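Q: Could you have a look at this structure, given as structure tokens, before my questions?
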Amino acid sequence: MTEIEARKRLDSILENLNPYSIKLGLDRIEHFLLKLGNPQSSFPSILVGGTNGKGSVCQYLTDCLMQSGLSVGTYTSPHLILLNERIKINNRSVDFATLLDYAEFIRRMDFEGLTYFEFLTVLAFLVFKDFGVDIAVLEVGMGGEFDATNVVEPILSVITSISKDHEEHLGSSLVDIARTKSKIIKRVGVISKNPEVVVDTIKKTVSAPLYFVDEIYIERARKLNVNRWVNLDNVAVSMLALDVLRDMYGFNVGSEAMKKSFLPARFEIIKIDGKTVVIDGAHNVEGMRNLRVQLRSRLDDLGKAILVFSSLKTKNWKDGLSEIFDMFEAFCFVKTKNRLSEEPENLTKFVGGLNKKSNILVNKSVNDCVNKLLSSDFDTIVFAGSLYLASEVLACLIE
């Protein structure tokens, strides 16, 4: 069976599991894992939650643990182009034929009731168990307390920056969101720089030992000189996590591997025919605010710049756009293939109200948008607003 055939058969199994479905609660997945002998208990795990920066921190930890000689399983979401990006062993995506074997096994075990994310989480646990990873780095999906990944008993839990997102499921205040996300901390927790209200909430909610990033770690992160990603908070919390692993569990692990870490669509810069193309997965207010900082600090001169923007209807895209719109003289709004993608006409109307002199383009196809802008006279093209937009841009083989 070819990889393409295996991928199609796997898609046919998953197609009845709505990837947009969210059912809070751990009863379903806990019951099913019990039938399988609790594979998630066969390896130690690190659980990474928060609002922004989870994927970056997972990559940092994976690279550093691998450099220490460990076999590392990594489970992240969502994928950018191919589904098997979610499940990796030592930074290599597990092939579709293998994933299909496990998916068919799960299907034979009467998996009725599992959501799309729960199904893939179970699959990842089985793969990591059977392939004998030394440790797994698991990215929490949307939430914390009731996220499918929270069935593990992690040796370490990491909380990245927390801001408002998914309020319809996690609560409308930072206190509610922080309380929910902090429920992944069971044995020991490492927390990134966060607003005081978030820090206070975590301290009140969690009884396990807690370690918080301070200015000393921020300075250490700066001195490490990680070139690809410049969000020092993500670097700092990863360094603190590695120190805790070494001090509490005796891991012989350093942070030098972070210098070579790479995660696509996280302020990814590509030079094409004299143009600067930036692809960033920023999809909430904090992400757009950080994108603004990155653009100012990484690019000396934007020149004639255009923002290509798309967002899901469920996101607070108005405040996100408001954070960054004044950096651009032109905009291109496009609709991705995600069914929740906001209509470009609504984005156009909003930005037109902010600046009536804006040059606004609308495109119904990401691929067509990419082709037109690469042959335009813009010096800088920034794609942002949604990981789904970033994934479609990367799928155009823009590299």
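Ordering of the structure tokens sets the chain letters (A, B, ...); residue numbers start at 1 within each chain; ligands are numbered from 1 in the order shown.
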Could you pull the residues within 9 Å of range 97-112 of chain A, counting only C-alpha atoms, minus those fewer than 3 positions along the same chain, as a list in words?

A: Met1, Thr2, Glu3, Glu5, Ala6, Arg7, Arg9, Leu10, Ile13, Leu14, Phe32, Lys35, Leu36, Asn84, Val94, Thr115, Phe119, Leu120, Val122, Leu123, Ala124, Leu126 and Val127 of chain A

Q: Output C-alpha atoms for every residue in the selection just made, as a PDB file, in the first residue's frame.

A:
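Okay, this is what ended up in part-v7.pdb:
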```
ATOM      1  CA  MET A   1       0.000   0.000   0.000  1.00  0.00           C
ATOM      2  CA  THR A   2       1.364   3.422  -0.917  1.00  0.00           C
ATOM      3  CA  GLU A   3       1.384   6.338   1.494  1.00  0.00           C
ATOM      4  CA  GLU A   5      -3.551   4.919  -0.387  1.00  0.00           C
ATOM      5  CA  ALA A   6      -2.966   4.587   3.345  1.00  0.00           C
ATOM      6  CA  ARG A   7      -3.780   8.267   3.850  1.00  0.00           C
ATOM      7  CA  ARG A   9      -8.069   4.867   3.983  1.00  0.00           C
ATOM      8  CA  LEU A  10      -7.214   6.659   7.216  1.00  0.00           C
ATOM      9  CA  ILE A  13     -12.051   6.108   9.027  1.00  0.00           C
ATOM     10  CA  LEU A  14     -11.811   9.630  10.441  1.00  0.00           C
ATOM     11  CA  PHE A  32     -11.660   3.485  26.245  1.00  0.00           C
ATOM     12  CA  LYS A  35     -10.013  -1.244  27.754  1.00  0.00           C
ATOM     13  CA  LEU A  36      -6.636  -0.879  26.030  1.00  0.00           C
ATOM     14  CA  ASN A  84       0.726  12.658  10.473  1.00  0.00           C
ATOM     15  CA  VAL A  94       4.905   8.443  11.767  1.00  0.00           C
ATOM     16  CA  THR A 115     -14.328  12.661  19.202  1.00  0.00           C
ATOM     17  CA  PHE A 119      -9.385   9.213  18.614  1.00  0.00           C
ATOM     18  CA  LEU A 120      -6.047  10.700  17.505  1.00  0.00           C
ATOM     19  CA  VAL A 122      -5.531   7.392  21.792  1.00  0.00           C
ATOM     20  CA  LEU A 123      -3.739   6.531  18.560  1.00  0.00           C
ATOM     21  CA  ALA A 124      -0.705   8.569  19.602  1.00  0.00           C
ATOM     22  CA  LEU A 126      -0.615   3.413  21.382  1.00  0.00           C
ATOM     23  CA  VAL A 127       2.134   4.350  18.926  1.00  0.00           C
TER      24      VAL A 127
END
```

Q: Within 8 Å of range 241-250 of chain A, counting only C-alpha atoms, which residues show up once you throw out same-chain ones fewer than 6 positions away? Write them as a VMD selection string, please.

A: chain A and resid 61 156 158 190

Q: Could the residues in this selection be saved with N, CA and C atoms as a PDB file, in the first residue's frame?

A:
```pdb
ATOM      1  N   LEU A  61      11.518  21.497  23.709  1.00  0.00           N
ATOM      2  CA  LEU A  61      11.737  20.395  24.651  1.00  0.00           C
ATOM      3  C   LEU A  61      12.102  19.115  23.916  1.00  0.00           C
ATOM      4  N   LEU A 156       5.923  16.441  34.464  1.00  0.00           N
ATOM      5  CA  LEU A 156       6.075  17.894  34.441  1.00  0.00           C
ATOM      6  C   LEU A 156       4.990  18.492  33.562  1.00  0.00           C
ATOM      7  N   VAL A 158       3.809  22.187  31.767  1.00  0.00           N
ATOM      8  CA  VAL A 158       4.294  23.520  31.395  1.00  0.00           C
ATOM      9  C   VAL A 158       3.110  24.371  30.957  1.00  0.00           C
ATOM     10  N   VAL A 190       5.605  24.334  35.628  1.00  0.00           N
ATOM     11  CA  VAL A 190       6.493  25.420  35.203  1.00  0.00           C
ATOM     12  C   VAL A 190       5.648  26.409  34.413  1.00  0.00           C
TER      13      VAL A 190
END
```

Q: Give me, as a ChimeraX atom specification, all polymer residues having an atom no more than 10 Å from Asp368 in chain A, counting only C-alpha atoms and skipping those fewer than 4 positions away in the same chain.

A: /A:334,363-364,372-373,396

Q: What's around range 375-384 of chain A at 6 Å? Count only C-alpha atoms, leave out sequence neighbours fewer than 2 positions away in its own chain, and write the answer as a ChimeraX atom specification.

A: /A:275-282,302-309,372-373,386

Q: Which distance in Å separates CA of Ile270 in chain A and CA of Ser56 in chain A, to one decimal?

A: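 CA of Ser56 in chain A lies at a distance of 18.6 Å from CA of Ile270 in chain A.
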
Q: Write out as a PyMOL selection string which residues come within 9 Å of range 143-146 of chain A when counting only C-alpha atoms, dropping same-chain ones fewer than 5 positions away.

A: chain A and resi 23-26+49-51+151+166+169-170+177+179-184

Q: Selection from above, N, CA and C atoms, as a compact mmCIF listing (two decimals), in the first residue's frame, can you write it?

A:
```
# COMPACT_ATOMS: atom_id res chain seq x y z
N LYS A 23 -16.48 17.99 22.84
CA LYS A 23 -17.29 17.45 23.92
C LYS A 23 -16.43 17.43 25.17
N LEU A 24 -16.73 18.34 26.09
CA LEU A 24 -15.94 18.44 27.31
C LEU A 24 -16.14 17.21 28.19
N GLY A 25 -15.09 16.80 28.87
CA GLY A 25 -15.18 15.64 29.76
C GLY A 25 -14.19 14.57 29.36
N LEU A 26 -13.71 13.81 30.36
CA LEU A 26 -12.70 12.79 30.12
C LEU A 26 -13.25 11.37 30.24
N GLY A 49 0.56 23.18 28.09
CA GLY A 49 -0.69 23.89 27.87
C GLY A 49 -0.48 25.39 27.84
N GLY A 50 -1.56 26.13 27.63
CA GLY A 50 -1.48 27.58 27.54
C GLY A 50 -2.29 28.07 26.36
N THR A 51 -2.15 29.34 26.01
CA THR A 51 -2.88 29.91 24.89
C THR A 51 -2.01 30.03 23.65
N VAL A 151 -5.48 13.02 30.44
CA VAL A 151 -5.63 11.70 31.08
C VAL A 151 -4.29 11.17 31.57
N HIS A 166 -11.02 31.02 22.83
CA HIS A 166 -12.00 29.94 23.05
C HIS A 166 -12.88 30.23 24.27
N HIS A 169 -15.85 28.11 25.44
CA HIS A 169 -15.65 26.83 26.11
C HIS A 169 -14.89 26.97 27.43
N LEU A 170 -14.00 27.99 27.51
CA LEU A 170 -13.10 28.08 28.65
C LEU A 170 -13.48 29.17 29.65
N ILE A 177 -10.11 31.12 32.54
CA ILE A 177 -9.24 30.43 31.59
C ILE A 177 -8.00 29.88 32.29
N ARG A 179 -7.67 29.11 35.43
CA ARG A 179 -8.07 28.03 36.34
C ARG A 179 -8.22 26.72 35.56
N THR A 180 -8.86 26.80 34.40
CA THR A 180 -9.08 25.60 33.59
C THR A 180 -7.76 25.04 33.07
N LYS A 181 -6.90 25.92 32.55
CA LYS A 181 -5.65 25.46 31.96
C LYS A 181 -4.67 24.94 33.01
N SER A 182 -4.73 25.47 34.23
CA SER A 182 -3.80 25.05 35.27
C SER A 182 -4.11 23.66 35.81
N LYS A 183 -5.27 23.10 35.45
CA LYS A 183 -5.64 21.78 35.95
C LYS A 183 -4.81 20.66 35.32
N ILE A 184 -3.92 20.99 34.39
CA ILE A 184 -3.01 19.97 33.85
C ILE A 184 -1.81 19.76 34.78
```

Q: From a DSSP pass on the backbone, collect the residues of range 79-317 of chain A flagged as strand (DSSP E or B) and hand them back as a PyMOL selection string.

A: chain A and resi 87-89+92-93+135-139+156-159+161+189-191+210-212+268-272+275-279+305-309+312

Q: Show me, as an MDAnalysis selection string, the residues that have an atom within 7 Å of Lys315 in chain A when counting only C-alpha atoms, minus same-chain residues fewer than 3 positions from it.

A: chainID A and resid 284 311:312

Q: Quick one: residues within 12 Å of Gly353 in chain A, only C-alpha atoms counted, chain neighbours fewer than 5 positions away excluded, as a ChimeraX atom specification?

A: /A:318,321-322,325,346-348,358,360

Q: Tell me, counting only C-alpha atoms, for each residue of range 115-165 of chain A within 12 Å of range 208-214 of chain A, which pair of atoms is nearest and how far apart they are in Å to one decimal, in rows ordered by chain and increasing number, as a Markdown table.

A:
```
| residue | atom | partner | partner_atom | distance |
| --- | --- | --- | --- | --- |
| A:Ile155 | CA | A:Ala208 | CA | 11.4 |
| A:Leu156 | CA | A:Leu210 | CA | 10.1 |
| A:Ser157 | CA | A:Leu210 | CA | 9.6 |
| A:Val158 | CA | A:Tyr211 | CA | 9.6 |
| A:Ile159 | CA | A:Phe212 | CA | 9.5 |
| A:Thr160 | CA | A:Val213 | CA | 10.1 |
| A:Ser161 | CA | A:Val213 | CA | 10.9 |
```

Q: Name the residues of range 113-189 of chain A that come out as alpha helix (DSSP H) in a backbone DSSP run; write them as a list of chain:residue names.

A: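 Secondary structure check on range 113-189 of chain A, alpha helix (DSSP H): A:Tyr116, A:Phe117, A:Glu118, A:Phe119, A:Leu120, A:Thr121, A:Val122, A:Leu123, A:Ala124, A:Phe125, A:Leu126, A:Val127, A:Phe128, A:Lys129, A:Asp130, A:Glu167, A:Glu168, A:His169, A:Leu170, A:Leu174, A:Val175, A:Asp176, A:Ile177, A:Ala178, A:Arg179, A:Thr180, A:Lys181.
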
Q: Report, in Å to a single decimal, how far apart CA of Gly141 in chain A and CA of Arg28 in chain A are.

A: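 Interatomic distance here is 16.3 Å.
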
Q: Hey, which of A:Ser71, A:Asn90, A:Thr62, A:Asn290 ends up closest to Phe43 in chain A? Count only C-alpha atoms.

A: A:Ser71

Q: From the list A:Ile185, A:Ala265, A:Ile4, A:Leu295, which residue is nearest Leu82 in chain A when using only C-alpha atoms?

A: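 Ranked by minimum distance to Leu82 in chain A, first place goes to A:Ile4.
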